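Novice: Before I ask anything, here is the structure I am working with.
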Amino acid sequence: MLPYSTSNYNLTFTAKGDRFRTMFRYASSTGYYFLEFKNAKFLELWKYPNSSVNEQVGTMVDIGAVLPGFNLTDWHQYQIEVNGSVYKLTIDGTLVATFTDTSLTAGGIGFSLKSVGTPVSMNVKNVAVKPIVNLLP
């Protein structure tokens, strides 16, 4: 298990759902990043930068433009590399998005659902958090 103060790590998991969030560098209820997967194939990165008001980081990503036929309701393997100020999302072995932000430096991981009106669901399995190992030449 990695300490809650860990800065850099790889989060991997297998999931399917119709709208869900994956949180990382979670330090408090007002200090964390979250990737919001929504509308079958879209993704946004948001943060609560030690404030009760969230802010979007970067722009919306169309996962379907990178992985044709992608749908959140199917099982997929996700990897989020959290390394310094760079956050990379890989789905089914393909790099889908890279975001950069320096607001939050350490914290844990988590999952959540967000529903406005219509109920949503998420199934998650095979969750692993591992340190990033930098190999020297």
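Each chain in the structure tokens gets a letter, A, B and so on, in the order shown; residues start at 1 in every chain, and ligands are counted from 1 in the order they appear.
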For stretch 61-76 of chain A, work out the shell of residues within 12 Å, counting only C-alpha atoms and skipping chain neighbours fewer than 6 positions away, then give it as a VMD selection string.
Specialist: chain A and resid 12 to 21 35 to 45 89 to 99 120 to 126
Novice: Return as JSON, numbers by chain the full set of residues in chain A whose backbone-based DSSP assignment is strand (DSSP E).
Specialist: {"A": [9, 10, 11, 12, 13, 14, 15, 16, 17, 20, 21, 22, 23, 24, 25, 26, 27, 28, 31, 32, 33, 34, 35, 36, 37, 38, 42, 43, 44, 45, 46, 47, 48, 49, 55, 56, 57, 58, 59, 60, 61, 62, 76, 77, 78, 79, 80, 81, 82, 83, 86, 87, 88, 89, 90, 91, 94, 95, 96, 97, 98, 99, 100, 108, 109, 110, 111, 112, 113, 122, 123, 124, 125, 126, 127, 128, 129, 130, 131]}
Novice: I want to know what sits within 10 Å of stretch 50-56 of chain A, based on only C-alpha atoms, with residues of the same chain fewer than 5 positions away left out; could you give that as a ChimeraX atom specification?
Specialist: /A:27-35,44-45,103-104
Novice: Name all residues at most 10 Å from A:Ser7 (count only C-alpha atoms; drop same-chain ones fewer than 3 positions away) and give them as a compact mmCIF listing (two decimals) with all heavy atoms, in the first residue's frame.
Specialist:
```
# COMPACT_ATOMS: atom_id res chain seq x y z
N LEU A 2 0.51 2.22 -0.80
CA LEU A 2 1.27 3.46 -0.85
C LEU A 2 0.78 4.42 0.22
O LEU A 2 -0.41 4.50 0.50
CB LEU A 2 1.10 4.12 -2.23
CG LEU A 2 1.64 3.36 -3.43
CD1 LEU A 2 1.27 4.08 -4.71
CD2 LEU A 2 3.14 3.21 -3.33
N PRO A 3 1.68 5.20 0.82
CA PRO A 3 1.26 6.19 1.80
C PRO A 3 0.36 7.24 1.15
O PRO A 3 0.48 7.54 -0.03
CB PRO A 3 2.57 6.83 2.26
CG PRO A 3 3.65 5.92 1.81
CD PRO A 3 3.13 5.15 0.65
N TYR A 4 -0.52 7.81 1.96
CA TYR A 4 -1.45 8.84 1.49
C TYR A 4 -0.73 10.06 0.95
O TYR A 4 -1.27 10.82 0.17
CB TYR A 4 -2.37 9.22 2.66
CG TYR A 4 -3.64 9.92 2.26
CD1 TYR A 4 -4.56 9.31 1.42
CD2 TYR A 4 -3.91 11.20 2.72
CE1 TYR A 4 -5.73 9.95 1.06
CE2 TYR A 4 -5.08 11.85 2.38
CZ TYR A 4 -5.99 11.22 1.54
OH TYR A 4 -7.14 11.87 1.18
N PHE A 24 -7.88 11.23 -8.08
CA PHE A 24 -6.48 10.98 -7.73
C PHE A 24 -5.90 12.22 -7.07
O PHE A 24 -6.46 13.29 -7.13
CB PHE A 24 -5.67 10.54 -8.96
CG PHE A 24 -5.63 11.52 -10.10
CD1 PHE A 24 -4.58 12.42 -10.22
CD2 PHE A 24 -6.62 11.53 -11.07
CE1 PHE A 24 -4.53 13.31 -11.27
CE2 PHE A 24 -6.58 12.42 -12.13
CZ PHE A 24 -5.53 13.31 -12.24
N ARG A 25 -4.78 12.00 -6.40
CA ARG A 25 -4.17 13.02 -5.53
C ARG A 25 -5.22 13.59 -4.58
O ARG A 25 -5.28 14.78 -4.34
CB ARG A 25 -3.46 14.10 -6.35
CG ARG A 25 -2.15 13.57 -6.93
CD ARG A 25 -1.21 14.68 -7.29
NE ARG A 25 0.07 14.10 -7.73
CZ ARG A 25 0.91 14.71 -8.53
NH1 ARG A 25 0.66 15.92 -8.96
NH2 ARG A 25 2.03 14.13 -8.86
N VAL A 82 0.14 9.30 -12.85
CA VAL A 82 0.21 10.56 -12.12
C VAL A 82 1.70 10.79 -11.84
O VAL A 82 2.27 10.11 -10.99
CB VAL A 82 -0.61 10.47 -10.81
CG1 VAL A 82 -0.53 11.77 -10.03
CG2 VAL A 82 -2.05 10.09 -11.10
N ASN A 83 2.32 11.71 -12.57
CA ASN A 83 3.76 11.87 -12.47
C ASN A 83 4.12 13.35 -12.55
O ASN A 83 4.03 13.95 -13.63
CB ASN A 83 4.46 11.08 -13.59
CG ASN A 83 5.93 10.91 -13.34
OD1 ASN A 83 6.47 11.39 -12.34
ND2 ASN A 83 6.60 10.23 -14.25
N GLY A 84 4.50 13.92 -11.41
CA GLY A 84 4.80 15.35 -11.38
C GLY A 84 3.56 16.15 -11.70
O GLY A 84 2.51 15.97 -11.09
N SER A 85 3.65 17.01 -12.71
CA SER A 85 2.51 17.83 -13.10
C SER A 85 1.80 17.28 -14.34
O SER A 85 0.95 17.94 -14.92
CB SER A 85 2.97 19.26 -13.38
OG SER A 85 3.90 19.27 -14.45
N LEU A 104 -2.04 20.43 -7.23
CA LEU A 104 -2.07 19.46 -6.14
C LEU A 104 -0.91 18.49 -6.29
O LEU A 104 -0.65 17.99 -7.38
CB LEU A 104 -3.41 18.72 -6.15
CG LEU A 104 -4.63 19.65 -6.10
CD1 LEU A 104 -5.89 18.90 -6.47
CD2 LEU A 104 -4.75 20.30 -4.75
N THR A 105 -0.22 18.19 -5.18
CA THR A 105 1.03 17.44 -5.30
C THR A 105 1.01 16.03 -4.74
O THR A 105 1.92 15.25 -5.03
CB THR A 105 2.16 18.22 -4.60
OG1 THR A 105 1.79 18.42 -3.24
CG2 THR A 105 2.39 19.57 -5.27
N ALA A 106 0.01 15.66 -3.95
CA ALA A 106 0.01 14.31 -3.37
C ALA A 106 -1.41 13.94 -2.93
O ALA A 106 -2.26 14.81 -2.74
CB ALA A 106 0.96 14.24 -2.17
N GLY A 107 -1.63 12.64 -2.75
CA GLY A 107 -2.91 12.17 -2.24
C GLY A 107 -3.30 10.84 -2.82
O GLY A 107 -2.65 10.31 -3.71
N GLY A 108 -4.38 10.31 -2.29
CA GLY A 108 -4.86 8.98 -2.65
C GLY A 108 -5.74 8.96 -3.88
O GLY A 108 -5.78 9.90 -4.67
N PRO A 131 3.78 2.38 -7.39
CA PRO A 131 4.71 3.50 -7.57
C PRO A 131 5.29 3.51 -8.97
O PRO A 131 5.39 2.47 -9.62
CB PRO A 131 5.80 3.23 -6.53
CG PRO A 131 5.72 1.79 -6.24
CD PRO A 131 4.29 1.36 -6.48
N ILE A 132 5.64 4.69 -9.44
CA ILE A 132 6.32 4.81 -10.73
C ILE A 132 7.79 4.54 -10.49
O ILE A 132 8.41 5.13 -9.61
CB ILE A 132 6.11 6.20 -11.33
CG1 ILE A 132 4.63 6.38 -11.69
CG2 ILE A 132 7.01 6.43 -12.54
CD1 ILE A 132 4.28 7.76 -12.19
```
Novice: Please report, as a PyMOL selection string, each residue of chain A to which DSSP assigns helix (DSSP H, G or I) when run on this structure's backbone.
Specialist: chain A and resi 63-66
Novice: Which residue out of A:Ala128, A:Thr118, A:Val86, A:Ile109 has the minimum interatomic distance to A:Met23 when only C-alpha atoms are used?
Specialist: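 Checking each candidate against A:Met23, we get A:Ile109 as the closest.
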Novice: Any idea what the distance is between atom CA of A:Tyr9 and atom CA of A:Ile80?
Specialist: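 Interatomic distance here is 8.3 Å.
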